[in-house]
>>> print(open('protein_15.pdb').read())   # PDB, C-alpha atoms
ATOM      1  CA  MET C   1      22.723 -43.744  23.387  1.00  0.00           C
ATOM      2  CA  PRO C   2      24.971 -40.684  22.751  1.00  0.00           C
ATOM      3  CA  ALA C   3      23.521 -37.201  23.242  1.00  0.00           C
ATOM      4  CA  SER C   4      22.585 -35.002  20.296  1.00  0.00           C
ATOM      5  CA  ARG C   5      25.172 -32.473  19.092  1.00  0.00           C
ATOM      6  CA  LEU C   6      24.687 -29.099  17.415  1.00  0.00           C
ATOM      7  CA  SER C   7      27.426 -27.227  15.581  1.00  0.00           C
ATOM      8  CA  GLN C   8      27.373 -24.068  13.498  1.00  0.00           C
ATOM      9  CA  THR C   9      29.398 -22.932  10.514  1.00  0.00           C
ATOM     10  CA  PRO C  10      29.422 -19.378   9.109  1.00  0.00           C
ATOM     11  CA  LEU C  11      28.629 -19.241   5.383  1.00  0.00           C
ATOM     12  CA  PRO C  12      29.991 -15.886   4.173  1.00  0.00           C
ATOM     13  CA  GLY C  13      27.454 -14.000   2.070  1.00  0.00           C
ATOM     14  CA  ILE C  14      24.763 -16.605   2.826  1.00  0.00           C
ATOM     15  CA  GLY C  15      24.212 -16.947   6.567  1.00  0.00           C
ATOM     16  CA  ILE C  16      24.927 -19.686   9.098  1.00  0.00           C
ATOM     17  CA  ARG C  17      24.617 -23.467   8.775  1.00  0.00           C
ATOM     18  CA  TYR C  18      23.536 -25.395  11.865  1.00  0.00           C
ATOM     19  CA  ASP C  19      24.221 -29.142  11.880  1.00  0.00           C
ATOM     20  CA  LEU C  20      22.457 -31.449  14.303  1.00  0.00           C
ATOM     21  CA  THR C  21      23.456 -35.014  14.930  1.00  0.00           C
ATOM     22  CA  THR C  22      20.582 -36.692  16.762  1.00  0.00           C
ATOM     23  CA  ARG C  23      20.888 -39.282  19.533  1.00  0.00           C
ATOM     24  CA  GLU C  24      20.242 -41.881  16.824  1.00  0.00           C
ATOM     25  CA  GLN C  25      23.158 -40.483  14.775  1.00  0.00           C
ATOM     26  CA  ARG C  26      20.881 -38.969  12.099  1.00  0.00           C
ATOM     27  CA  GLN C  27      22.106 -35.792  10.396  1.00  0.00           C
ATOM     28  CA  ILE C  28      19.916 -32.680  10.005  1.00  0.00           C
ATOM     29  CA  SER C  29      21.032 -29.220   8.904  1.00  0.00           C
ATOM     30  CA  VAL C  30      19.444 -25.797   8.799  1.00  0.00           C
ATOM     31  CA  VAL C  31      20.909 -22.957   6.768  1.00  0.00           C
ATOM     32  CA  ALA C  32      19.761 -19.644   8.248  1.00  0.00           C
ATOM     33  CA  HIS C  33      19.891 -17.315   5.238  1.00  0.00           C
ATOM     34  CA  ARG C  34      20.584 -13.615   5.749  1.00  0.00           C
ATOM     35  CA  ASP C  35      17.147 -12.751   4.281  1.00  0.00           C
ATOM     36  CA  GLY C  36      15.366 -14.678   7.052  1.00  0.00           C
ATOM     37  CA  ALA C  37      14.624 -17.791   4.958  1.00  0.00           C
ATOM     38  CA  ARG C  38      15.712 -21.215   6.171  1.00  0.00           C
ATOM     39  CA  THR C  39      16.740 -24.355   4.302  1.00  0.00           C
ATOM     40  CA  LEU C  40      16.048 -27.531   6.251  1.00  0.00           C
ATOM     41  CA  SER C  41      17.869 -30.658   5.078  1.00  0.00           C
ATOM     42  CA  ALA C  42      17.772 -34.241   6.344  1.00  0.00           C
ATOM     43  CA  TYR C  43      20.329 -36.843   5.357  1.00  0.00           C
ATOM     44  CA  ARG C  44      19.998 -40.559   4.719  1.00  0.00           C
ATOM     45  CA  ALA C  45      20.608 -42.898   7.659  1.00  0.00           C
ATOM     46  CA  ASP C  46      22.627 -45.313   5.510  1.00  0.00           C
ATOM     47  CA  ASP C  47      24.658 -42.521   3.851  1.00  0.00           C
ATOM     48  CA  PRO C  48      24.909 -39.322   5.950  1.00  0.00           C
ATOM     49  CA  ASP C  49      26.540 -37.503   3.021  1.00  0.00           C
ATOM     50  CA  GLU C  50      23.455 -37.952   0.814  1.00  0.00           C
ATOM     51  CA  CYS C  51      20.601 -35.511   1.299  1.00  0.00           C
ATOM     52  CA  ALA C  52      17.216 -37.262   1.461  1.00  0.00           C
ATOM     53  CA  LEU C  53      15.096 -34.120   1.883  1.00  0.00           C
ATOM     54  CA  SER C  54      15.688 -30.402   1.441  1.00  0.00           C
ATOM     55  CA  LEU C  55      13.033 -27.735   2.051  1.00  0.00           C
ATOM     56  CA  ARG C  56      13.392 -23.977   1.649  1.00  0.00           C
ATOM     57  CA  LEU C  57      11.182 -22.166   4.159  1.00  0.00           C
ATOM     58  CA  SER C  58      10.272 -18.490   4.264  1.00  0.00           C
ATOM     59  CA  SER C  59      10.838 -16.759   7.600  1.00  0.00           C
ATOM     60  CA  GLY C  60       7.095 -17.071   8.320  1.00  0.00           C
ATOM     61  CA  GLU C  61       7.123 -20.784   7.528  1.00  0.00           C
ATOM     62  CA  ALA C  62      10.180 -21.232   9.749  1.00  0.00           C
ATOM     63  CA  ASP C  63       8.337 -19.436  12.574  1.00  0.00           C
ATOM     64  CA  ALA C  64       5.327 -21.737  12.074  1.00  0.00           C
ATOM     65  CA  LEU C  65       7.600 -24.786  12.217  1.00  0.00           C
ATOM     66  CA  ILE C  66       9.155 -23.502  15.453  1.00  0.00           C
ATOM     67  CA  ASP C  67       5.641 -23.181  16.885  1.00  0.00           C
ATOM     68  CA  ALA C  68       4.860 -26.767  15.848  1.00  0.00           C
ATOM     69  CA  LEU C  69       8.084 -28.124  17.333  1.00  0.00           C
ATOM     70  CA  MET C  70       8.091 -26.006  20.498  1.00  0.00           C
ATOM     71  CA  PRO C  71       4.566 -24.822  21.279  1.00  0.00           C
ATOM     72  CA  SER C  72       5.532 -24.148  24.891  1.00  0.00           C
ATOM     73  CA  HIS C  73       8.250 -21.636  23.932  1.00  0.00           C
ATOM     74  CA  HIS C  74       5.678 -18.836  24.155  1.00  0.00           C
ATOM     75  CA  SER C  75       5.183 -17.104  27.444  1.00  0.00           C
ATOM     76  CA  PRO C  76       1.536 -17.284  28.579  1.00  0.00           C
ATOM     77  CA  ASN C  77       1.753 -13.519  29.165  1.00  0.00           C
ATOM     78  CA  LEU C  78       2.441 -12.771  25.491  1.00  0.00           C
ATOM     79  CA  LEU C  79      -0.427 -11.849  23.215  1.00  0.00           C
ATOM     80  CA  HIS C  80      -0.906 -14.317  20.384  1.00  0.00           C
ATOM     81  CA  THR C  81      -1.794 -12.226  17.383  1.00  0.00           C
ATOM     82  CA  THR C  82      -3.837 -14.984  15.737  1.00  0.00           C
ATOM     83  CA  ASP C  83      -6.040 -15.197  18.851  1.00  0.00           C
ATOM     84  CA  LEU C  84      -6.805 -11.507  18.372  1.00  0.00           C
ATOM     85  CA  GLY C  85      -7.377 -11.687  14.606  1.00  0.00           C
ATOM     86  CA  LEU C  86      -4.066  -9.947  13.932  1.00  0.00           C
ATOM     87  CA  VAL C  87      -0.983 -11.033  12.029  1.00  0.00           C
ATOM     88  CA  ALA C  88       2.595  -9.787  11.977  1.00  0.00           C
ATOM     89  CA  GLU C  89       4.566  -9.924   8.735  1.00  0.00           C
ATOM     90  CA  ARG C  90       7.977  -8.914   7.461  1.00  0.00           C
ATOM     91  CA  ILE C  91       7.710  -6.914   4.239  1.00  0.00           C
ATOM     92  CA  GLU C  92      10.837  -5.911   2.337  1.00  0.00           C
ATOM     93  CA  VAL C  93      11.190  -2.639   0.453  1.00  0.00           C
ATOM     94  CA  SER C  94      12.968  -3.411  -2.819  1.00  0.00           C
ATOM     95  CA  GLY C  95      15.639  -1.191  -4.291  1.00  0.00           C
ATOM     96  CA  SER C  96      13.300  -0.432  -7.209  1.00  0.00           C
ATOM     97  CA  SER C  97      10.364   0.388  -4.931  1.00  0.00           C
ATOM     98  CA  HIS C  98       8.463   3.637  -5.394  1.00  0.00           C
ATOM     99  CA  TRP C  99       9.066   4.191  -1.653  1.00  0.00           C
ATOM    100  CA  ASN C 100      12.870   3.845  -1.768  1.00  0.00           C
ATOM    101  CA  GLY C 101      14.198   7.167  -0.422  1.00  0.00           C
ATOM    102  CA  ARG C 102      10.771   8.485   0.580  1.00  0.00           C
ATOM    103  CA  VAL C 103       9.503   9.096   4.094  1.00  0.00           C
ATOM    104  CA  LEU C 104       7.226   6.586   5.784  1.00  0.00           C
ATOM    105  CA  GLY C 105       4.408   9.109   6.257  1.00  0.00           C
ATOM    106  CA  GLU C 106       3.985   9.398   2.480  1.00  0.00           C
ATOM    107  CA  THR C 107       2.761   5.793   2.363  1.00  0.00           C
ATOM    108  CA  GLN C 108      -0.282   6.712   4.483  1.00  0.00           C
ATOM    109  CA  MET C 109      -0.074   3.097   5.628  1.00  0.00           C
ATOM    110  CA  ARG C 110      -2.273   3.239   8.716  1.00  0.00           C
ATOM    111  CA  THR C 111      -4.886   5.458   7.022  1.00  0.00           C
ATOM    112  CA  GLU C 112      -5.069   3.274   3.903  1.00  0.00           C
ATOM    113  CA  THR C 113      -4.791  -0.199   5.479  1.00  0.00           C
ATOM    114  CA  GLY C 114      -5.285   0.047   9.236  1.00  0.00           C
ATOM    115  CA  ALA C 115      -1.961  -1.805   9.605  1.00  0.00           C
ATOM    116  CA  SER C 116       0.914  -0.429  11.678  1.00  0.00           C
ATOM    117  CA  ILE C 117       4.627  -0.484  10.945  1.00  0.00           C
ATOM    118  CA  VAL C 118       6.077  -1.275  14.352  1.00  0.00           C
ATOM    119  CA  ALA C 119       9.758  -1.615  13.404  1.00  0.00           C
ATOM    120  CA  VAL C 120      12.195  -1.430  10.513  1.00  0.00           C
ATOM    121  CA  LEU C 121      15.115  -3.813  10.144  1.00  0.00           C
ATOM    122  CA  ARG C 122      18.004  -2.202   8.287  1.00  0.00           C
ATOM    123  CA  ARG C 123      21.167  -4.243   7.879  1.00  0.00           C
ATOM    124  CA  ALA C 124      22.033  -5.366  11.439  1.00  0.00           C
ATOM    125  CA  GLU C 125      19.980  -2.607  13.101  1.00  0.00           C
ATOM    126  CA  ALA C 126      16.397  -2.640  14.352  1.00  0.00           C
ATOM    127  CA  ILE C 127      14.556   0.692  14.429  1.00  0.00           C
ATOM    128  CA  PRO C 128      11.504   0.380  16.693  1.00  0.00           C
ATOM    129  CA  SER C 129       8.442   2.603  16.224  1.00  0.00           C
ATOM    130  CA  PRO C 130       9.605   4.549  13.172  1.00  0.00           C
ATOM    131  CA  THR C 131       8.093   8.030  12.910  1.00  0.00           C
ATOM    132  CA  PRO C 132       6.322   9.353   9.800  1.00  0.00           C
ATOM    133  CA  ALA C 133       9.553  11.280   9.005  1.00  0.00           C
ATOM    134  CA  PHE C 134      11.584   8.036   8.833  1.00  0.00           C
ATOM    135  CA  ARG C 135      13.182   7.704   5.366  1.00  0.00           C
ATOM    136  CA  LEU C 136      12.760   4.259   3.778  1.00  0.00           C
ATOM    137  CA  ALA C 137      15.582   2.598   1.851  1.00  0.00           C
ATOM    138  CA  GLY C 138      15.785  -0.364  -0.494  1.00  0.00           C
ATOM    139  CA  GLY C 139      16.545  -3.502   1.493  1.00  0.00           C
ATOM    140  CA  ASP C 140      14.635  -2.320   4.582  1.00  0.00           C
ATOM    141  CA  THR C 141      12.398  -4.969   6.133  1.00  0.00           C
ATOM    142  CA  LEU C 142       9.281  -3.523   7.739  1.00  0.00           C
ATOM    143  CA  ILE C 143       7.522  -5.337  10.574  1.00  0.00           C
ATOM    144  CA  VAL C 144       3.814  -4.759   9.918  1.00  0.00           C
ATOM    145  CA  ILE C 145       0.980  -5.717  12.284  1.00  0.00           C
ATOM    146  CA  GLY C 146      -2.709  -5.661  11.430  1.00  0.00           C
ATOM    147  CA  THR C 147      -5.548  -7.784  10.148  1.00  0.00           C
ATOM    148  CA  ARG C 148      -4.679 -10.266   7.405  1.00  0.00           C
ATOM    149  CA  GLU C 149      -6.398  -7.992   4.873  1.00  0.00           C
ATOM    150  CA  GLY C 150      -4.621  -4.892   6.197  1.00  0.00           C
ATOM    151  CA  VAL C 151      -1.198  -6.534   6.073  1.00  0.00           C
ATOM    152  CA  GLU C 152      -1.848  -7.814   2.526  1.00  0.00           C
ATOM    153  CA  SER C 153      -2.865  -4.281   1.487  1.00  0.00           C
ATOM    154  CA  ALA C 154       0.282  -2.918   3.129  1.00  0.00           C
ATOM    155  CA  ALA C 155       2.392  -5.418   1.154  1.00  0.00           C
ATOM    156  CA  ALA C 156       0.699  -4.284  -2.053  1.00  0.00           C
ATOM    157  CA  ILE C 157       1.386  -0.618  -1.268  1.00  0.00           C
ATOM    158  CA  LEU C 158       5.007  -1.298  -0.322  1.00  0.00           C
ATOM    159  CA  GLY C 159       5.496  -3.451  -3.433  1.00  0.00           C
ATOM    160  CA  ARG C 160       4.656  -0.542  -5.718  1.00  0.00           C
ATOM    161  CA  GLU C 161       7.476  -0.011  -8.246  1.00  0.00           C
TER     162      GLU C 161
END
>>> encode(input="protein_15.pdb", output="structure tokens")
Amino acid sequence: MPASRLSQTPLPGIGIRYDLTTREQRQISVVAHRDGARTLSAYRADDPDECALSLRLSSGEADALIDALMPSHHSPNLLHTTDLGLVAERIEVSGSSHWNGRVLGETQMRTETGASIVAVLRRAEAIPSPTPAFRLAGGDTLIVIGTREGVESAAAILGRE
């Protein structure tokens, strides 16, 4: 049986499309959207041009699917946040957010929620451990770690218009 093949195609303004042809000649594609979402599509065996299934997954759902498909990809030395009662989430600051243009310290995030902002993703740059003087901007994605309740409270604070 032939080996599986993976190819990728840039999709300007959208992201990257990955196409997998399995050993059994089945077609699967994943579109990695710029916002972190993924679209998983599977094509019919009798007509590889006809999509039989298409699912849009959030970045968190895509991460969960990776865990289901490759549970051994984690190093045993890494802390699993769910084992500790913690979660990590990506929370985007919208352009119309109350916090757009304000400094991180004004959110009083840790004081109000107990959650920590451990990094900010801005365009193609990652800013680890932002200080309270860090100025937020619409489109920033904040990596927030805390309890489920703390992270949900952080999302509510950051979602303030």
>>> residues_around(input="protein_15.pdb", residues="region 111-119 of chain C", least_positions_apart="2", cutoff="9 Å", atoms="all atoms listed in the file", output="list in words")
Thr107, Gln108, Met109, Leu121, Ala126, Ile127, Pro128, Ser129, Pro130, Thr141, Leu142, Ile143, Val144, Ile145, Gly146, Thr147, Glu149, Gly150, Val151, Glu152, Ser153 and Ala154 of chain C
>>> atom_distance(input="protein_15.pdb", atom1="CA of Asp49 (chain C)", atom2="CA of Gly13 (chain C)")
23.5 Å
>>> atom_distance(input="protein_15.pdb", atom1="CA of Glu92 (chain C)", atom2="CA of Ala156 (chain C)")
11.2 Å
>>> closest_residue(input="protein_15.pdb", among="C:Val120, C:Leu104, C:Ile16, C:Ile28", to="Cys51 (chain C)", atoms="only C-alpha atoms")
C:Ile28
>>> atom_distance(input="protein_15.pdb", atom1="CA of Pro10 (chain C)", atom2="CA of Val30 (chain C)")
11.9 Å
>>> residues_around(input="protein_15.pdb", residues="Leu20 (chain C)", least_positions_apart="2", cutoff="12 Å", atoms="all atoms listed in the file", output="ChimeraX atom specification")
/C:3-9,17-18,22-31,40-43,48
>>> closest_residue(input="protein_15.pdb", among="C:Gly105, C:Arg110, C:Ala52, C:Ile157", to="Pro132 (chain C)", atoms="only C-alpha atoms")
C:Gly105
>>> resolve_selection(input="protein_15.pdb", expression="the PyMOL selection byres ((chain C and resi 87) around 7)", output="PyMOL selection string")
chain C and resi 81-82+85-86+88-89+145-148
>>> residues_around(input="protein_15.pdb", residues="Ala137 (chain C)", least_positions_apart="2", cutoff="10 Å", atoms="all atoms listed in the file", output="list in words")
Glu92, Val93, Ser94, Gly95, Ser96, Ser97, Trp99, Asn100, Gly101, Arg102, Val103, Arg122, Phe134, Arg135, Gly139, Asp140 and Thr141 of chain C
>>> closest_residue(input="protein_15.pdb", among="C:Arg90, C:Arg160, C:Arg56, C:His98", to="Ala37 (chain C)", atoms="only C-alpha atoms")
C:Arg56
>>> resolve_selection(input="protein_15.pdb", expression="the PyMOL selection byres ((chain C and resi 57) around 7)", output="PyMOL selection string")
chain C and resi 37-39+55-56+58-59+61-62
>>> build_atoms(input="protein_15.pdb", residues="region 2-23 of chain C", atoms="N, CA and C atoms", output="compact mmCIF listing (two decimals), in the coordinates of the input")
# COMPACT_ATOMS: atom_id res chain seq x y z
N PRO C 2 24.29 -41.98 22.62
CA PRO C 2 24.97 -40.68 22.75
C PRO C 2 23.98 -39.53 22.66
N ALA C 3 24.36 -38.41 23.28
CA ALA C 3 23.52 -37.20 23.24
C ALA C 3 23.57 -36.58 21.86
N SER C 4 22.58 -35.73 21.56
CA SER C 4 22.58 -35.00 20.30
C SER C 4 23.65 -33.92 20.36
N ARG C 5 24.15 -33.51 19.19
CA ARG C 5 25.17 -32.47 19.09
C ARG C 5 24.74 -31.45 18.06
N LEU C 6 25.00 -30.18 18.34
CA LEU C 6 24.69 -29.10 17.42
C LEU C 6 25.96 -28.30 17.18
N SER C 7 26.28 -28.07 15.92
CA SER C 7 27.43 -27.23 15.58
C SER C 7 26.95 -26.18 14.58
N GLN C 8 27.73 -25.11 14.46
CA GLN C 8 27.37 -24.07 13.50
C GLN C 8 28.60 -23.67 12.70
N THR C 9 28.34 -23.32 11.43
CA THR C 9 29.40 -22.93 10.51
C THR C 9 28.97 -21.67 9.79
N PRO C 10 29.76 -20.58 9.88
CA PRO C 10 29.42 -19.38 9.11
C PRO C 10 29.55 -19.66 7.61
N LEU C 11 28.61 -19.15 6.84
CA LEU C 11 28.63 -19.24 5.38
C LEU C 11 28.67 -17.82 4.84
N PRO C 12 29.87 -17.29 4.60
CA PRO C 12 29.99 -15.89 4.17
C PRO C 12 29.09 -15.55 2.98
N GLY C 13 28.35 -14.45 3.12
CA GLY C 13 27.45 -14.00 2.07
C GLY C 13 26.13 -14.73 2.03
N ILE C 14 25.99 -15.80 2.84
CA ILE C 14 24.76 -16.60 2.83
C ILE C 14 24.07 -16.55 4.17
N GLY C 15 24.79 -16.89 5.23
CA GLY C 15 24.21 -16.95 6.57
C GLY C 15 25.00 -17.89 7.45
N ILE C 16 24.30 -18.73 8.18
CA ILE C 16 24.93 -19.69 9.10
C ILE C 16 24.29 -21.06 8.88
N ARG C 17 25.12 -22.09 8.87
CA ARG C 17 24.62 -23.47 8.78
C ARG C 17 24.71 -24.10 10.16
N TYR C 18 23.59 -24.67 10.61
CA TYR C 18 23.54 -25.40 11.86
C TYR C 18 23.40 -26.87 11.53
N ASP C 19 24.27 -27.70 12.10
CA ASP C 19 24.22 -29.14 11.88
C ASP C 19 23.88 -29.83 13.19
N LEU C 20 22.88 -30.69 13.13
CA LEU C 20 22.46 -31.45 14.30
C LEU C 20 22.67 -32.93 14.03
N THR C 21 23.36 -33.56 14.94
CA THR C 21 23.46 -35.01 14.93
C THR C 21 22.57 -35.49 16.07
N THR C 22 21.54 -36.25 15.75
CA THR C 22 20.58 -36.69 16.76
C THR C 22 21.17 -37.81 17.62
N ARG C 23 20.46 -38.15 18.68
CA ARG C 23 20.89 -39.28 19.53
C ARG C 23 21.01 -40.56 18.73
